[in-house]
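Heads up, the thing below is written out as C-alpha cells.
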Amino acid sequence: MRRGIRIARVFGIDISIHPSWFIILLLIVWSLGAGTFPAIYDDWSTAQYWLVAVISALLLFASVLVHELAHSLVALRQGTPVRGITLFFLGGVASIEREATSPGREALMAGAGPLTSIVLGGAFLGLGWAVSAPEVLQAILLYLGLINLVVAAFNLLPGFPLDGGRLLRSAIWAIRGDFVAATRDATRVSAVIAVGLMVYGGYLALTGNPIGGLWLVFIGWIVIQASQASYAQTLSQERLKQIPIRRVMARLRGWVSPAAGLDETEAELAELRARCLPVGSDPEHYDGLICRSDISGLDDDRSGGPSHTSLTAADVMVGREHLPTIAASDPASDAWQAMTDEEVDRLAVVDDGKLVGFIDRRRLSRYLELHPGGRRPAA
C-alpha cells in the first residue's frame with residue numbers, strides 16, 4: 001500500500017492518498033448526506049446535509065491520520081524507521097519498517113493508535129454535548145466522537161495484524177518468550193475473529209443489510225489474508241537470521257568493462273550465465289553493477305533519447321554510489337531489511353572491503369522456496 005499521491009510531510013513522515021481512498025470517501029459522503037443526517041435532522045436543507053456530510057467525512061479521515069501518526073511517532077521514538085502513512089479504502093496504514101524488538105515496545109506501538117482514537121472520541125463527544133448551537137456543528141462533533149470510538153473498538157479486535165491482534169501477540173510473546181510462537185498463536189486467533197466477521201456479515205447480508213454485510217465479509221477476508229502473510233514473513237525472517245549472506249549471495253563470475261556496449265554486455269551475461277555482473281575490473285574500486293533487467297527495462301524508443309547501440313554498461317549500470325553494501329558474514333535477514341530501508345532491489349556484498357558478490361530480493365525468495373523450512377517473504 002505504498003503507492004499513492006503524496007499530499008504532505010508531517011514529522012518527517014510522508015502522507016499519501018491511495019486512489020481507492022476517493023471511492024470510500026464518496027461512499028461515506030453519500031451515506032451521511034443521503035441517509036444518516038436526514039434520518040436524524042429532518043429540518044435541514046439539502047445543501048446542509050451534503051455540506052455537513054463532506055466536512056464529517058474529511059474530518060473522519062483526519063482522525064484516522066492522527067491514529068496512524070500515533071503509531072508512527074511511537075515507532076520513531078523507539079528508533080524504528082517509518083516510511084510513510086497511506087490513506088486508503090480501509091482507513092489508513094503506517095509503513096513501519098521493522099517489527100518491535102520486545103513485547104513492551106510492540107504493546108506501546110500497537111496501543112498508541114486505539115488510545116488516540118479513544119481520546120479523540122471522548123473529546124469530540126464532550127464538545128458535542130457542550131455545544132448546542134449551531135446544530136450542524138453539534139452534529140459533526142457528535143458524529144466524530146462516535147466514529148472515533150468505533151474505530152478504536154474495531155482496531156482492538158484481537159485479529160492480527162489489527163492493533164488488538166498485535167497487543168495479543170505482545171502479551172503471548174511476554175508470557176512465552178517466543179516471538180514466532182506468539183505470531184503463530186495470534187494468527188490462529190485472527191482466523192477465528194475473521195471467520196466470525198464473515199459469518200455475521202453473511203447473516204446481515206441475508207437479513208436486509210447487504211452492503212454492511214458484504215463489507216464485513218470483505219474485512220474478514222482481508223484480516224485472514226493479512227495475518228497469514230504476516231506469519232509467513234515472520235517465519236521467513238527467522239529462517240534468514242540463521243543464514244549468513246555468503247551462503248545465499250551470487251558470487252562474481254566475471255567483469256564488464258565500463259565502455260562495453262550493451263550488446264557486448266548481454267553476450268557476456270549470457271556466456272557466464274549470470275544475471276548481474278560488476279562493472280570495472282577491481283574488487284576494491286568497482287564502478288557499479290549491471291543486470292539483465294537493467295538492459296531489458298530500457299525504453300529504446302523514447303523520443304530524443306540515446307539509441308540502444310550508443311549506450312554503454314556505464315550508462316545503464318547502478319552506480320556504486322547508489323548500490324548499498326553489506327558484509328558477507330551478516331545474516332541474510334539483514335539484507336532483506338537493508339533493501340527495504342534503502343528502497344533498492346539489490347546489494348553489493350563485500351568481505352574485507354572487497355566486492356565478492358551481490359544479493360537481491362529474487363535470490364532471497366528463491367532460496368527460501370528451495371530450502372526446507374523457508375517461506376517466501378510477503379510483499
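Simple scheme: letters A, B, ... for chains in C-alpha cells order, numbers from 1 for residues in each chain, numbers from 1 for ligands in the order shown.
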Members of stretch 52-123 of chain A assigned helix (DSSP H, G or I) by DSSP, as a ChimeraX atom specification: /A:52-77,103-123
Closest of A:Leu76, A:Gly208, A:Leu311, A:Leu146 to A:Ser95 - atom-to-atom distances counting only C-alpha atoms: A:Leu76
Given only C-alpha atoms as the counted atoms, nearest of A:Pro278, A:Gly113, A:Pro244, A:Pro134 to A:Ser329: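 Answer, going by the shortest atom-to-atom distance: A:Pro244.
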Spatial neighbours of A:Ile140, 8 Å, only C-alpha atoms, chain gap at least 2 places, as a list in words: Val52, Ile55, Ser56, Gly128, Val136, Leu137, Gln138, Leu142, Tyr143 and Leu144 of chain A
Spatial neighbours of stretch 170-183 of chain A, 7 Å, only C-alpha atoms, chain gap at least 5 places, as number ranges by chain: A: 103-104, 106-107, 231, 234-235
I need the chosen residues saved as a short mmCIF file (atom, residue, chain, number, x, y, z; two decimals), in the first residue's frame, with C-alpha atoms.
data_model
loop_
_atom_site.label_atom_id
_atom_site.label_comp_id
_atom_site.auth_asym_id
_atom_site.auth_seq_id
_atom_site.Cartn_x
_atom_site.Cartn_y
_atom_site.Cartn_z
CA PRO A 103 6.86 -7.27 23.83
CA GLY A 104 6.70 -3.98 25.70
CA GLU A 106 5.16 -3.74 20.49
CA ALA A 107 2.41 -3.12 23.04
CA TYR A 231 3.08 -15.01 9.81
CA THR A 234 7.88 -13.78 10.32
CA LEU A 235 8.89 -17.36 9.51
#
Minimum-distance residue to A:Ser230, chosen among A:Glu99, A:Thr116, A:Asn155, A:Arg251 (using only C-alpha atoms):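 Counting only C-alpha atoms, the residue closest to A:Ser230 is A:Glu99.
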d(atom CA of A:Ile243, atom CA of A:Ala332) in Å: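 Separation of atom CA of A:Ile243 and atom CA of A:Ala332: 5.7 Å.
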Residue nearest A:Leu272 - candidates A:Val256, A:His71, A:Glu321, A:Leu162, atoms counted: only C-alpha atoms: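 Of all the options, A:Val256 lies closest to A:Leu272.
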Distance in Å - atom CA of A:Ser257 versus atom CA of A:Ala313: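 If I compute the distance from atom CA of A:Ser257 to atom CA of A:Ala313, I get 7.2 Å.
Of the residues under consideration (A:Leu214, A:Ile13, A:Leu26, A:Ala57), A:Ile13 shows the shortest atom-to-atom contact distance to A:Leu73 when counting only C-alpha atoms.
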Atom CA of A:Ile290 to atom CA of A:Arg246, straight-line distance in Å: 20.0 Å
Sel. of strand (DSSP E) residues, stretch 8-242 of chain A, as a list in words: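 Listing strand (DSSP E) positions across stretch 8-242 of chain A yields Ala8, Arg9, Val10, Ile13, Asp14, Ile15, Ser16, Ile17, Val82, Arg83, Gly84, Ile85, Thr86, Leu87, Phe88, Gly91, Gly92, Val93, Ala94, Ser95 and Ile96 of chain A.
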Using only C-alpha atoms: which of A:Gly84, A:Pro283, A:Pro114, A:Gly212 has the shortest distance to A:Ala70: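 For A:Ala70, the nearest of the candidates is A:Pro114.
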Between stretch 189-295 of chain A and stretch 355-369 of chain A, at 12 Å or less, what are the per-residue closest atom pairs and their distances in Å? Count only C-alpha atoms, order by chain and rising residue number, and return it as a Markdown table.
| residue | atom | partner | partner_atom | distance |
| --- | --- | --- | --- | --- |
| A:Ala232 | CA | A:Leu368 | CA | 11.1 |
| A:Gln233 | CA | A:Ser365 | CA | 10.9 |
| A:Leu235 | CA | A:Leu368 | CA | 10.1 |
| A:Ser236 | CA | A:Leu368 | CA | 7.3 |
| A:Gln237 | CA | A:Leu368 | CA | 10.0 |
| A:Glu238 | CA | A:Leu368 | CA | 11.2 |
| A:Arg239 | CA | A:Leu368 | CA | 8.2 |
| A:Leu240 | CA | A:Leu368 | CA | 8.3 |
| A:Lys241 | CA | A:Leu364 | CA | 11.9 |
| A:Ile243 | CA | A:Tyr367 | CA | 10.5 |
| A:Pro244 | CA | A:Leu364 | CA | 11.5 |
| A:Ile245 | CA | A:Ile359 | CA | 7.9 |
| A:Arg246 | CA | A:Gly357 | CA | 8.3 |
| A:Arg247 | CA | A:Tyr367 | CA | 9.6 |
| A:Val248 | CA | A:Leu364 | CA | 6.9 |
| A:Met249 | CA | A:Ile359 | CA | 4.9 |
| A:Ala250 | CA | A:Gly357 | CA | 5.4 |
| A:Arg251 | CA | A:Gly357 | CA | 4.3 |
| A:Leu252 | CA | A:Gly357 | CA | 5.1 |
| A:Arg253 | CA | A:Gly357 | CA | 8.8 |
| A:Gly254 | CA | A:Gly357 | CA | 10.4 |
| A:Trp255 | CA | A:Gly357 | CA | 11.4 |
| A:Ala274 | CA | A:Phe358 | CA | 11.3 |
| A:Arg275 | CA | A:Phe358 | CA | 10.4 |
| A:Cys276 | CA | A:Phe358 | CA | 8.2 |
| A:Leu277 | CA | A:Gly357 | CA | 8.8 |
| A:Pro278 | CA | A:Gly357 | CA | 8.5 |
| A:Val279 | CA | A:Leu355 | CA | 11.2 |
| A:Gly280 | CA | A:Leu355 | CA | 11.2 |
| A:Ser281 | CA | A:Leu355 | CA | 10.7 |
| A:Asp282 | CA | A:Leu355 | CA | 8.5 |
| A:Pro283 | CA | A:Leu355 | CA | 4.8 |
| A:Glu284 | CA | A:Leu355 | CA | 6.3 |
| A:His285 | CA | A:Leu355 | CA | 8.6 |
| A:Tyr286 | CA | A:Leu355 | CA | 7.8 |
| A:Asp287 | CA | A:Leu355 | CA | 10.9 |
| A:Gly288 | CA | A:Leu355 | CA | 10.4 |
| A:Leu289 | CA | A:Phe358 | CA | 8.8 |
| A:Ile290 | CA | A:Phe358 | CA | 10.9 |
| A:Cys291 | CA | A:Phe358 | CA | 10.8 |
| A:Ser293 | CA | A:Arg362 | CA | 11.9 |
For the selection just defined, write its residues with N, CA and C atoms to a file, as a short mmCIF file (atom, residue, chain, number, x, y, z; two decimals), in the first residue's frame.
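Once everything was written out, this is out_37.cif:
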data_model
loop_
_atom_site.label_atom_id
_atom_site.label_comp_id
_atom_site.auth_asym_id
_atom_site.auth_seq_id
_atom_site.Cartn_x
_atom_site.Cartn_y
_atom_site.Cartn_z
N ALA A 232 3.80 -15.69 7.58
CA ALA A 232 4.77 -16.21 6.62
C ALA A 232 6.03 -15.35 6.59
N GLN A 233 5.85 -14.04 6.67
CA GLN A 233 7.01 -13.16 6.67
C GLN A 233 7.84 -13.34 7.94
N LEU A 235 8.14 -16.12 9.68
CA LEU A 235 8.89 -17.36 9.51
C LEU A 235 10.09 -17.16 8.59
N SER A 236 9.87 -16.40 7.53
CA SER A 236 10.96 -16.15 6.58
C SER A 236 12.10 -15.39 7.24
N GLN A 237 11.75 -14.36 7.99
CA GLN A 237 12.79 -13.55 8.65
C GLN A 237 13.57 -14.38 9.67
N GLU A 238 12.87 -15.23 10.41
CA GLU A 238 13.56 -16.06 11.38
C GLU A 238 14.48 -17.06 10.69
N ARG A 239 14.05 -17.59 9.57
CA ARG A 239 14.89 -18.51 8.79
C ARG A 239 16.13 -17.79 8.28
N LEU A 240 15.95 -16.59 7.76
CA LEU A 240 17.07 -15.84 7.19
C LEU A 240 18.07 -15.37 8.25
N LYS A 241 17.60 -15.24 9.50
CA LYS A 241 18.52 -14.84 10.57
C LYS A 241 19.59 -15.89 10.82
N ILE A 243 21.11 -17.71 8.51
CA ILE A 243 21.90 -17.98 7.31
C ILE A 243 22.79 -16.79 6.99
N PRO A 244 24.11 -16.96 6.90
CA PRO A 244 24.98 -15.86 6.50
C PRO A 244 24.79 -15.53 5.02
N ILE A 245 24.98 -14.29 4.68
CA ILE A 245 24.75 -13.85 3.31
C ILE A 245 25.64 -14.59 2.32
N ARG A 246 26.83 -14.97 2.72
CA ARG A 246 27.74 -15.64 1.79
C ARG A 246 27.15 -16.95 1.26
N ARG A 247 26.21 -17.55 2.02
CA ARG A 247 25.59 -18.80 1.56
C ARG A 247 24.47 -18.56 0.54
N VAL A 248 24.00 -17.34 0.46
CA VAL A 248 22.87 -17.03 -0.40
C VAL A 248 23.27 -16.18 -1.60
N MET A 249 24.33 -15.41 -1.45
CA MET A 249 24.68 -14.42 -2.47
C MET A 249 25.09 -15.07 -3.80
N ALA A 250 25.02 -14.27 -4.85
CA ALA A 250 25.55 -14.67 -6.16
C ALA A 250 27.01 -14.24 -6.20
N ARG A 251 27.91 -15.19 -6.40
CA ARG A 251 29.33 -14.87 -6.43
C ARG A 251 29.71 -14.30 -7.80
N LEU A 252 30.80 -13.56 -7.81
CA LEU A 252 31.26 -12.92 -9.04
C LEU A 252 31.70 -13.96 -10.05
N ARG A 253 31.23 -13.83 -11.28
CA ARG A 253 31.61 -14.75 -12.34
C ARG A 253 32.47 -14.07 -13.41
N GLY A 254 32.63 -12.79 -13.29
CA GLY A 254 33.41 -12.05 -14.27
C GLY A 254 33.19 -10.57 -14.11
N TRP A 255 33.69 -9.81 -15.07
CA TRP A 255 33.60 -8.35 -15.02
C TRP A 255 33.17 -7.82 -16.38
N ALA A 274 25.06 -15.43 -16.00
CA ALA A 274 24.92 -14.57 -14.82
C ALA A 274 23.77 -13.59 -15.05
N ARG A 275 23.05 -13.28 -13.98
CA ARG A 275 22.01 -12.26 -14.08
C ARG A 275 22.60 -10.87 -13.92
N CYS A 276 23.67 -10.77 -13.14
CA CYS A 276 24.31 -9.48 -12.90
C CYS A 276 25.83 -9.65 -12.93
N LEU A 277 26.50 -8.58 -13.32
CA LEU A 277 27.96 -8.57 -13.31
C LEU A 277 28.44 -7.20 -12.84
N PRO A 278 29.57 -7.17 -12.12
CA PRO A 278 30.13 -5.89 -11.72
C PRO A 278 30.75 -5.18 -12.91
N VAL A 279 30.72 -3.86 -12.88
CA VAL A 279 31.32 -3.05 -13.94
C VAL A 279 32.64 -2.51 -13.42
N GLY A 280 33.72 -2.78 -14.14
CA GLY A 280 35.06 -2.38 -13.72
C GLY A 280 36.00 -3.56 -13.82
N SER A 281 37.03 -3.53 -13.00
CA SER A 281 37.99 -4.66 -13.02
C SER A 281 38.65 -4.90 -11.69
N ASP A 282 38.28 -4.09 -10.68
CA ASP A 282 38.97 -4.15 -9.39
C ASP A 282 37.94 -4.35 -8.28
N PRO A 283 38.03 -5.44 -7.50
CA PRO A 283 37.07 -5.68 -6.42
C PRO A 283 37.02 -4.57 -5.38
N GLU A 284 38.09 -3.77 -5.29
CA GLU A 284 38.09 -2.69 -4.30
C GLU A 284 37.61 -1.37 -4.89
N HIS A 285 37.64 -1.24 -6.21
CA HIS A 285 37.28 0.02 -6.84
C HIS A 285 36.34 -0.20 -8.02
N TYR A 286 35.33 -1.05 -7.83
CA TYR A 286 34.36 -1.31 -8.89
C TYR A 286 33.49 -0.07 -9.12
N ASP A 287 32.95 0.04 -10.33
CA ASP A 287 32.15 1.22 -10.69
C ASP A 287 30.66 1.04 -10.38
N GLY A 288 30.19 -0.18 -10.44
CA GLY A 288 28.78 -0.41 -10.21
C GLY A 288 28.39 -1.83 -10.57
N LEU A 289 27.10 -2.05 -10.79
CA LEU A 289 26.59 -3.38 -11.09
C LEU A 289 25.56 -3.25 -12.21
N ILE A 290 25.64 -4.14 -13.19
CA ILE A 290 24.66 -4.14 -14.27
C ILE A 290 24.01 -5.51 -14.35
N CYS A 291 22.70 -5.53 -14.49
CA CYS A 291 21.93 -6.78 -14.53
C CYS A 291 21.15 -6.86 -15.83
N SER A 293 18.08 -7.24 -16.13
CA SER A 293 16.86 -6.45 -16.00
C SER A 293 17.11 -4.98 -16.31
#
Test item: residues at most 12 Å from A:Glu342, only C-alpha atoms, excluding those fewer than 6 positions along its chain, as number ranges by chain: A: 81, 83, 97, 322-326, 334-336
Shell around A:Ala8 at 12 Å using only C-alpha atoms, local window under 4 positions removed, as a list in words: Gly4, Gly12, Ile13, Asp14, Ile15, Ser16, Ile17, Leu65, Gly84, Ile85, Thr86 and Leu87 of chain A
